[in-house]
Amino acid sequence: MHASSQLDTPASAAAATARRTRARFGILALLTVGTLINYLDRTVISVAAPLLSHDLGLSAVAMGVVFSAFSWTYAAAQIPGGILLDRIGVRLTYFLSVTIWSAFTLLQGLTTSLWSLIACRMGLGVAEAPAFPSNSRILGTWFPQAERATATGIYSIGQYFGLAFLSPVLFWIAGTFGWRALLIIVGATGIAFGVVWYALYRDPHEGRANQAELDHIAAGGGLGQSTRVHFQWRHIAFLLKQRQILGASIGQFASNSTLVFFLTWFPTYLATERQMGWIKVGFFTVLPFIAACVGVVSGGICSDLLLRRTGSANVARKAPIITGLLLASTIVIANFVTHDTWVIAIMSAAFFGQGMCNLGWTLLTDVAPKQLMGLSGGVFNLCANLAGIVTPLVVGFVVGATGSFVWALAFIGALALLGVVSYVFVVGDVRRVEFVDSATPGA
């Protein structure tokens with residue numbers, strides 16, 4: 001017995017002191033690049049829009065429909081995308097998603113009419129639908145709770161980085177080679193990334209994480225190995241009855257309205273409402289997106305810091321989001337200033353606040369039932385991206401009817417305040433929803 005103990009002790013000590021690998025940070029880097037390509041593919045049309053609309057003879061109302069068309073199918077495909085994710089897992093779902101959506105981006109560069117452009121935008125929406133539910137699942141699988149908000153902030157930079165830091169390059173490509181070349185180049189880049197994703201991504205139990213890292217993830221509430229269930233329609237009803245998920249979905253709809261404005265109409269706002277030249281638009285477009293990048297990271301770091309200091313998920317998750325929504329509502333102040341510098345400062349503050357609201361995905365990861373992570377992400381993103389349908393259309397019709405963005409900005413600001421109300425009065429306690437359904441295989 002004593003000899004056996006002597007032999008076991010060094011092995012046990014070695015296991016206990018083994019240095020943790022950091023495989024989860026490699027996954028986070030992969031996720032960040034994927035999110036950058038995701039948003040670049042859906043928003044690069046805003047860079048192309050002034051030239052595209054001129055070449056194809058499209059009015060402001062028609063461009064509002066084009067911007068909105070992506071979200072028709074993106075919202076409608078959220079629940080099917082979540083079901084697919086729960087059925088076949090993250091690796092294959094994301095690979096199919098990124099390669100197909102990038103192909104539709106490329107095809108936009110070949111369109112010759114309004115209807116073919118709308119068709120490509122709708123195809124792009126269907127293909128991108130599983131992406132953010134996949135992101136949520138990856139975070140819940142690979143990261144302990146105390147690291148999730150920071151991780152969310154880091155990968156969410158990709159939503160803004162493309163137009164923040166690549167705008168001068170994108171505008172240069174469009175101005176030099178034309179809007180068609182711009183869309184083809186961006187689409188081809190995404191297809192190449194899809195191959196890289198499939199080659200490199202693995203779930204924790206299949207990847208390069210050692211046992212020490214797996215233990216660290218599990219100890220912090222990471223899911224470790226993905227849990228899959230067979231979809232039942234009553235699962236959706238169950239999720240919508242949970243105040244945490246419903247309230248967060250309303251709040252995300254509100255914050256997404258600000259995001260969608262910047263991703264679609266903002267360059268046109270600067271060019272028409274503020275009469276800025278093409279080069280000036282390209283330069284000034286960058287600044288609010290940089291502010292949003294800072295907001296995303298700041299919200300995540302602040303949330304994880306609050307969680308460590310207070311131990312309260314309610315304070316840590318909700319306080320930064322509410323602050324961000326209040327800042328987003330200040331976009332309406334741009335209606336009352338005339339100097340371009342003040343306009344960009346106000347827009348930057350509003351977009352900084354919207355960036356903080358990406359923490360909503362972390363909150364969802366904290367509250368979604370483990371068995372229904374994909375479906376929860378689908379329901380959440382469906383509600384959130386109704387903003388992608390509503391906002392471009394409302395802005396397009398308001399601008400078309402009034403010839404001004406004044407009431408459009410008031411609309412965006414009011415929705416941000418709706419989000420504040422939802423987080424304060426609807427969300428309730430930030431805790432994981434328990435799902436027990438013996439009738440569902442795998443539950």
# chains A, B, ... in the order shown; residues from 1 in each chain; ligands from 1
>>> residues_around(residues="Ala345 (chain A)", least_positions_apart="2", cutoff="10 Å", atoms="only C-alpha atoms", output="list in words")
Leu287, Pro288, Ala291, Ile331, Ala334, Asp340, Thr341, Trp342, Val343, Met347, Ser348, Ala349, Ala350 and Phe351 of chain A
>>> write_last_selection(atoms="C-alpha atoms", output="mmCIF file, in the first residue's frame")
data_model
loop_
_atom_site.group_PDB
_atom_site.id
_atom_site.type_symbol
_atom_site.label_atom_id
_atom_site.label_comp_id
_atom_site.auth_asym_id
_atom_site.auth_seq_id
_atom_site.Cartn_x
_atom_site.Cartn_y
_atom_site.Cartn_z
ATOM 1 C CA LEU A 287 -14.741 57.278 -36.109
ATOM 2 C CA PRO A 288 -18.083 56.008 -34.707
ATOM 3 C CA ALA A 291 -15.913 54.145 -30.734
ATOM 4 C CA ILE A 331 -28.218 59.908 -31.127
ATOM 5 C CA ALA A 334 -27.445 65.176 -33.653
ATOM 6 C CA ASP A 340 -19.738 68.245 -38.531
ATOM 7 C CA THR A 341 -17.363 67.677 -35.614
ATOM 8 C CA TRP A 342 -20.221 67.736 -33.102
ATOM 9 C CA VAL A 343 -22.312 65.432 -35.282
ATOM 10 C CA MET A 347 -22.748 59.648 -33.277
ATOM 11 C CA SER A 348 -19.562 58.176 -31.777
ATOM 12 C CA ALA A 349 -20.967 58.399 -28.236
ATOM 13 C CA ALA A 350 -24.208 56.721 -29.337
ATOM 14 C CA PHE A 351 -22.366 53.926 -31.159
#
>>> residues_around(residues="region 305-319 of chain A", least_positions_apart="3", cutoff="8 Å", atoms="only C-alpha atoms", output="PDB file with N, CA and C atoms, in the first residue's frame")
ATOM      1  N   ALA A 146     -16.820  33.650 -15.635  1.00  0.00           N
ATOM      2  CA  ALA A 146     -16.068  34.848 -15.262  1.00  0.00           C
ATOM      3  C   ALA A 146     -15.256  35.424 -16.420  1.00  0.00           C
ATOM      4  N   ILE A 301     -15.172  43.987 -20.378  1.00  0.00           N
ATOM      5  CA  ILE A 301     -14.221  44.061 -19.263  1.00  0.00           C
ATOM      6  C   ILE A 301     -14.919  44.566 -18.004  1.00  0.00           C
ATOM      7  N   CYS A 302     -15.746  45.595 -18.169  1.00  0.00           N
ATOM      8  CA  CYS A 302     -16.471  46.159 -17.031  1.00  0.00           C
ATOM      9  C   CYS A 302     -17.387  45.112 -16.398  1.00  0.00           C
ATOM     10  N   ILE A 322     -27.623  48.676 -19.695  1.00  0.00           N
ATOM     11  CA  ILE A 322     -28.520  49.814 -19.487  1.00  0.00           C
ATOM     12  C   ILE A 322     -27.789  51.130 -19.752  1.00  0.00           C
ATOM     13  N   THR A 323     -26.547  51.227 -19.277  1.00  0.00           N
ATOM     14  CA  THR A 323     -25.740  52.421 -19.547  1.00  0.00           C
ATOM     15  C   THR A 323     -25.553  52.616 -21.047  1.00  0.00           C
ATOM     16  N   LEU A 359     -23.096  42.925 -24.826  1.00  0.00           N
ATOM     17  CA  LEU A 359     -23.084  42.105 -23.622  1.00  0.00           C
ATOM     18  C   LEU A 359     -24.366  41.284 -23.494  1.00  0.00           C
ATOM     19  N   GLY A 360     -25.411  41.675 -24.233  1.00  0.00           N
ATOM     20  CA  GLY A 360     -26.649  40.893 -24.226  1.00  0.00           C
ATOM     21  C   GLY A 360     -26.415  39.442 -24.596  1.00  0.00           C
ATOM     22  N   THR A 362     -23.721  37.729 -23.867  1.00  0.00           N
ATOM     23  CA  THR A 362     -23.160  37.090 -22.674  1.00  0.00           C
ATOM     24  C   THR A 362     -24.265  36.751 -21.691  1.00  0.00           C
ATOM     25  N   LEU A 363     -25.182  37.688 -21.502  1.00  0.00           N
ATOM     26  CA  LEU A 363     -26.314  37.449 -20.609  1.00  0.00           C
ATOM     27  C   LEU A 363     -27.107  36.236 -21.082  1.00  0.00           C
ATOM     28  N   TYR A 423     -34.830  45.972 -19.811  1.00  0.00           N
ATOM     29  CA  TYR A 423     -33.817  45.426 -18.905  1.00  0.00           C
ATOM     30  C   TYR A 423     -34.118  45.739 -17.447  1.00  0.00           C
ATOM     31  N   ASP A 429     -33.937  38.188 -12.631  1.00  0.00           N
ATOM     32  CA  ASP A 429     -32.656  37.650 -12.187  1.00  0.00           C
ATOM     33  C   ASP A 429     -31.889  37.006 -13.343  1.00  0.00           C
ATOM     34  N   VAL A 430     -30.590  37.274 -13.399  1.00  0.00           N
ATOM     35  CA  VAL A 430     -29.709  36.655 -14.382  1.00  0.00           C
ATOM     36  C   VAL A 430     -29.237  35.326 -13.812  1.00  0.00           C
ATOM     37  N   ARG A 431     -29.935  34.262 -14.150  1.00  0.00           N
ATOM     38  CA  ARG A 431     -29.588  32.906 -13.706  1.00  0.00           C
ATOM     39  C   ARG A 431     -30.014  31.936 -14.799  1.00  0.00           C
TER      40      ARG A 431
END
>>> residues_around(residues="Leu327 (chain A)", least_positions_apart="4", cutoff="12 Å", atoms="only C-alpha atoms", output="MDAnalysis selection string")
chainID A and resid 255 258 292 295 320:323 331:333 346:357 412:414 416:417 419:420
>>> write_last_selection(atoms="C-alpha atoms", output="compact mmCIF listing (two decimals), in the first residue's frame")
# COMPACT_ATOMS: atom_id res chain seq x y z
CA SER A 255 -29.95 48.14 -29.31
CA THR A 258 -28.96 51.68 -33.48
CA ALA A 292 -18.16 51.08 -31.00
CA GLY A 295 -17.55 50.20 -26.31
CA PRO A 320 -23.34 48.06 -18.57
CA ILE A 321 -26.15 47.25 -21.01
CA ILE A 322 -28.52 49.81 -19.49
CA THR A 323 -25.74 52.42 -19.55
CA ILE A 331 -28.22 59.91 -31.13
CA VAL A 332 -31.23 62.22 -31.36
CA ILE A 333 -29.09 65.17 -30.20
CA ILE A 346 -22.56 62.55 -30.85
CA MET A 347 -22.75 59.65 -33.28
CA SER A 348 -19.56 58.18 -31.78
CA ALA A 349 -20.97 58.40 -28.24
CA ALA A 350 -24.21 56.72 -29.34
CA PHE A 351 -22.37 53.93 -31.16
CA PHE A 352 -20.00 53.47 -28.20
CA GLY A 353 -23.10 52.84 -26.07
CA GLN A 354 -24.52 50.40 -28.61
CA GLY A 355 -21.24 48.52 -28.54
CA MET A 356 -21.63 47.98 -24.80
CA CYS A 357 -24.99 46.33 -25.50
CA ILE A 412 -33.73 55.23 -33.14
CA GLY A 413 -33.41 57.11 -29.84
CA ALA A 414 -36.91 56.09 -28.68
CA ALA A 416 -33.03 52.62 -27.21
CA LEU A 417 -35.14 53.88 -24.29
CA GLY A 419 -34.52 48.68 -24.29
CA VAL A 420 -33.78 50.37 -20.96
>>> closest_atom_pairs(of="region 38-67 of chain A", to="region 390-402 of chain A", cutoff="12 Å", atoms="only C-alpha atoms", output="Markdown table")
| residue | atom | partner | partner_atom | distance |
| --- | --- | --- | --- | --- |
| A:Ser46 | CA | A:Pro392 | CA | 11.4 |
| A:Ser59 | CA | A:Gly400 | CA | 8.7 |
| A:Ala60 | CA | A:Gly396 | CA | 6.0 |
| A:Val61 | CA | A:Gly396 | CA | 5.1 |
| A:Ala62 | CA | A:Gly396 | CA | 8.1 |
| A:Met63 | CA | A:Gly396 | CA | 7.4 |
| A:Gly64 | CA | A:Gly396 | CA | 4.8 |
| A:Val65 | CA | A:Leu393 | CA | 6.2 |
| A:Val66 | CA | A:Pro392 | CA | 8.7 |
| A:Phe67 | CA | A:Pro392 | CA | 6.1 |
>>> write_last_selection(atoms="N, CA and C atoms", output="PDB file, in the first residue's frame")
ATOM      1  N   SER A  46     -23.362  48.845 -47.709  1.00  0.00           N
ATOM      2  CA  SER A  46     -23.545  50.252 -47.343  1.00  0.00           C
ATOM      3  C   SER A  46     -22.432  51.110 -47.939  1.00  0.00           C
ATOM      4  N   SER A  59     -33.888  54.234 -55.937  1.00  0.00           N
ATOM      5  CA  SER A  59     -34.258  55.352 -55.080  1.00  0.00           C
ATOM      6  C   SER A  59     -33.922  55.047 -53.625  1.00  0.00           C
ATOM      7  N   ALA A  60     -34.136  56.064 -52.745  1.00  0.00           N
ATOM      8  CA  ALA A  60     -33.908  55.860 -51.307  1.00  0.00           C
ATOM      9  C   ALA A  60     -34.837  54.786 -50.757  1.00  0.00           C
ATOM     10  N   VAL A  61     -36.083  54.783 -51.212  1.00  0.00           N
ATOM     11  CA  VAL A  61     -37.030  53.761 -50.752  1.00  0.00           C
ATOM     12  C   VAL A  61     -36.582  52.379 -51.211  1.00  0.00           C
ATOM     13  N   ALA A  62     -36.131  52.263 -52.459  1.00  0.00           N
ATOM     14  CA  ALA A  62     -35.658  50.971 -52.979  1.00  0.00           C
ATOM     15  C   ALA A  62     -34.440  50.483 -52.203  1.00  0.00           C
ATOM     16  N   MET A  63     -33.525  51.399 -51.876  1.00  0.00           N
ATOM     17  CA  MET A  63     -32.347  50.999 -51.095  1.00  0.00           C
ATOM     18  C   MET A  63     -32.746  50.588 -49.685  1.00  0.00           C
ATOM     19  N   GLY A  64     -33.784  51.231 -49.125  1.00  0.00           N
ATOM     20  CA  GLY A  64     -34.285  50.788 -47.825  1.00  0.00           C
ATOM     21  C   GLY A  64     -34.768  49.349 -47.881  1.00  0.00           C
ATOM     22  N   VAL A  65     -35.440  48.988 -48.981  1.00  0.00           N
ATOM     23  CA  VAL A  65     -35.900  47.604 -49.167  1.00  0.00           C
ATOM     24  C   VAL A  65     -34.711  46.658 -49.311  1.00  0.00           C
ATOM     25  N   VAL A  66     -33.695  47.080 -50.069  1.00  0.00           N
ATOM     26  CA  VAL A  66     -32.494  46.249 -50.242  1.00  0.00           C
ATOM     27  C   VAL A  66     -31.803  46.006 -48.905  1.00  0.00           C
ATOM     28  N   PHE A  67     -31.605  47.070 -48.121  1.00  0.00           N
ATOM     29  CA  PHE A  67     -30.982  46.927 -46.807  1.00  0.00           C
ATOM     30  C   PHE A  67     -31.803  45.999 -45.919  1.00  0.00           C
TER      31      PHE A  67
END
>>> atom_distance(atom1="CA of Ile245 (chain A)", atom2="CA of Pro369 (chain A)")
10.2 Å
>>> closest_residue(among="A:Thr268, A:Ser134, A:Ser113, A:Gln108", to="Leu96 (chain A)", atoms="only C-alpha atoms")
A:Ser134
>>> atom_distance(atom1="CA of Asn335 (chain A)", atom2="CA of Ser257 (chain A)")
17.5 Å
>>> closest_residue(among="A:Leu166, A:Leu240, A:Ile79, A:Val297", to="Leu40 (chain A)", atoms="only C-alpha atoms")
A:Leu166
